[in-house]
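This report concerns only the one structure given below.
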Amino acid sequence: EQLSRRELIAAYEGLQGASQYGPLQGYPLAAVSARILFVSRPRGTPPDAIRKACAEALAEAVERAQPVLLEPLMTVELRAPESHVGSLLRQLTGKRRADVHEVGMPSESTADQRHLLRAEVPLSSLVGYANALRSLT
């Protein structure tokens with residue numbers, strides 16, 4: 001049995017509503033398409049129940065798909081003495097959600113004895129980082 005116009009609207013609203021608040025920090029879903037392949041319901045099912053069922057089905061499907069957060073990333077390169085490397089790494093990998101790519105040792109051939117730290121950090125996590133960096137070092 002086909003869905004009535006009211007039921008189709010309710011199903012669409014359920015999918016639309018569920019896509020506005022995604023599982024990753026509550027951001028809306030992007031680049032997602034959904035199709036309703038089959039609906040089984042007793043006669044007289046209220047549109048609100050269909051709306052809720054579609055929203056729950058989309059939320060469950062998105063969780064199973066293992067979504068990723070799309071956000072701008074910045075490459076951060078720091079040079080610091082050995083005494084600060086640990087606190088900088090803790091700050092970057094914790095609160096700042098950085099993906100550290102390199103922790104380089106000082107070169108014996110140069111006078112610069114600072115360690116190189118290279119990481120990718122979400123742009124949103126870098127707000128206020130200059131002040132935090134000054135207080136850490």
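Identifiers in this document derive from the order of the structure tokens: chains are assigned A, B, ..., residues are numbered from 1 separately in each chain, and ligands are numbered from 1 in order of occurrence.
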
From the DSSP assignment of the backbone, select every residue of chain A that is alpha helix (DSSP H), and format the answer as number ranges by chain.
A: 5-19, 47-64, 82-93, 129-136

Once you have the residues from the selection above, write them out as a compact mmCIF listing (two decimals), in the first residue's frame, restricted to C-alpha atoms.
# COMPACT_ATOMS: atom_id res chain seq x y z
CA ARG A 5 0.17 12.61 0.69
CA ARG A 6 0.01 13.43 4.44
CA GLU A 7 2.13 10.37 5.25
CA LEU A 8 4.70 11.27 2.57
CA ILE A 9 4.97 14.79 3.95
CA ALA A 10 5.40 13.39 7.47
CA ALA A 11 8.11 10.98 6.27
CA TYR A 12 9.94 13.81 4.47
CA GLU A 13 9.70 16.05 7.54
CA GLY A 14 11.11 13.25 9.71
CA LEU A 15 14.10 12.78 7.41
CA GLN A 16 14.60 16.53 7.06
CA GLY A 17 14.44 17.09 10.81
CA ALA A 18 16.88 14.27 11.58
CA SER A 19 19.37 15.65 9.06
CA PRO A 47 1.59 11.02 10.63
CA ASP A 48 3.55 11.95 13.78
CA ALA A 49 4.46 8.27 14.26
CA ILE A 50 5.65 8.05 10.65
CA ARG A 51 7.66 11.27 11.10
CA LYS A 52 9.31 9.88 14.23
CA ALA A 53 10.01 6.47 12.66
CA CYS A 54 11.70 8.07 9.64
CA ALA A 55 13.81 10.34 11.85
CA GLU A 56 14.94 7.37 13.96
CA ALA A 57 15.68 5.26 10.87
CA LEU A 58 17.88 8.00 9.40
CA ALA A 59 19.71 8.54 12.70
CA GLU A 60 20.40 4.80 12.97
CA ALA A 61 21.60 4.57 9.35
CA VAL A 62 23.93 7.54 9.81
CA GLU A 63 25.45 6.00 12.96
CA ARG A 64 26.11 2.74 11.10
CA GLU A 82 62.52 20.17 25.14
CA SER A 83 61.16 21.41 28.47
CA HIS A 84 57.94 22.60 26.76
CA VAL A 85 57.34 19.77 24.28
CA GLY A 86 55.25 17.63 26.66
CA SER A 87 52.87 20.41 27.68
CA LEU A 88 52.49 21.56 24.06
CA LEU A 89 51.66 18.02 22.91
CA ARG A 90 49.11 17.56 25.73
CA GLN A 91 47.43 20.84 24.81
CA LEU A 92 47.38 20.04 21.08
CA THR A 93 46.14 16.45 21.32
CA TYR A 129 45.53 29.46 20.96
CA ALA A 130 48.06 32.31 20.79
CA ASN A 131 47.24 33.26 24.40
CA ALA A 132 47.34 29.63 25.54
CA LEU A 133 50.68 29.15 23.78
CA ARG A 134 52.17 32.19 25.50
CA SER A 135 51.08 30.94 28.93
CA LEU A 136 52.38 27.41 28.26

Can you tell me, as a PyMOL selection string, which residues in stretch 86-136 of chain A count as strand (DSSP E) by DSSP?
chain A and resi 99-104+115-122

Find, counting only C-alpha atoms, the residue in A:Leu116, A:Ile36, A:Val100, A:Leu24 that gets nearest to A:Glu71.
A:Leu24

Just checking: using only C-alpha atoms, which residue out of A:Glu102, A:His115, A:Leu3, A:Lys95 ends up closest to A:Thr45?
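Looking at the shortest contact to A:Thr45, the residue is A:Leu3.
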
To one decimal in Å, tell me the separation between atom CA of A:Val32 and atom CA of A:Pro46.
26.6 Å

A:Met105: which residues within 12 Å, counting only C-alpha atoms, same-chain residues fewer than 4 positions away excluded, as a short mmCIF file (atom, residue, chain, number, x, y, z; two decimals) with C-alpha atoms, in the first residue's frame?
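Result saved to result.cif:
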data_model
loop_
_atom_site.label_atom_id
_atom_site.label_comp_id
_atom_site.auth_asym_id
_atom_site.auth_seq_id
_atom_site.Cartn_x
_atom_site.Cartn_y
_atom_site.Cartn_z
CA ARG A 79 59.51 25.08 17.57
CA ALA A 80 60.06 24.76 21.29
CA PRO A 81 62.72 23.71 23.78
CA GLU A 82 62.52 20.17 25.14
CA VAL A 85 57.34 19.77 24.28
CA SER A 109 74.47 20.48 12.91
CA THR A 110 72.67 23.71 13.81
CA ASP A 112 68.94 25.85 17.07
CA GLN A 113 68.23 23.24 19.74
CA ARG A 114 64.44 23.51 19.61
CA HIS A 115 62.16 20.58 18.79
CA LEU A 116 59.84 20.83 15.79
CA LEU A 117 56.17 19.92 16.30
CA ARG A 118 53.96 19.68 13.20
#

Would you mind reading off the distance between atom CA of A:Val68 and atom CA of A:Pro28, one decimal, in Å?
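Distance between the two atoms: 11.9 Å.
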
Could you check which of A:Leu78, A:Phe38, A:Ala31, A:Leu73 is closest to A:Gly104, using only C-alpha atoms?
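For A:Gly104, the nearest of the candidates is A:Leu78.
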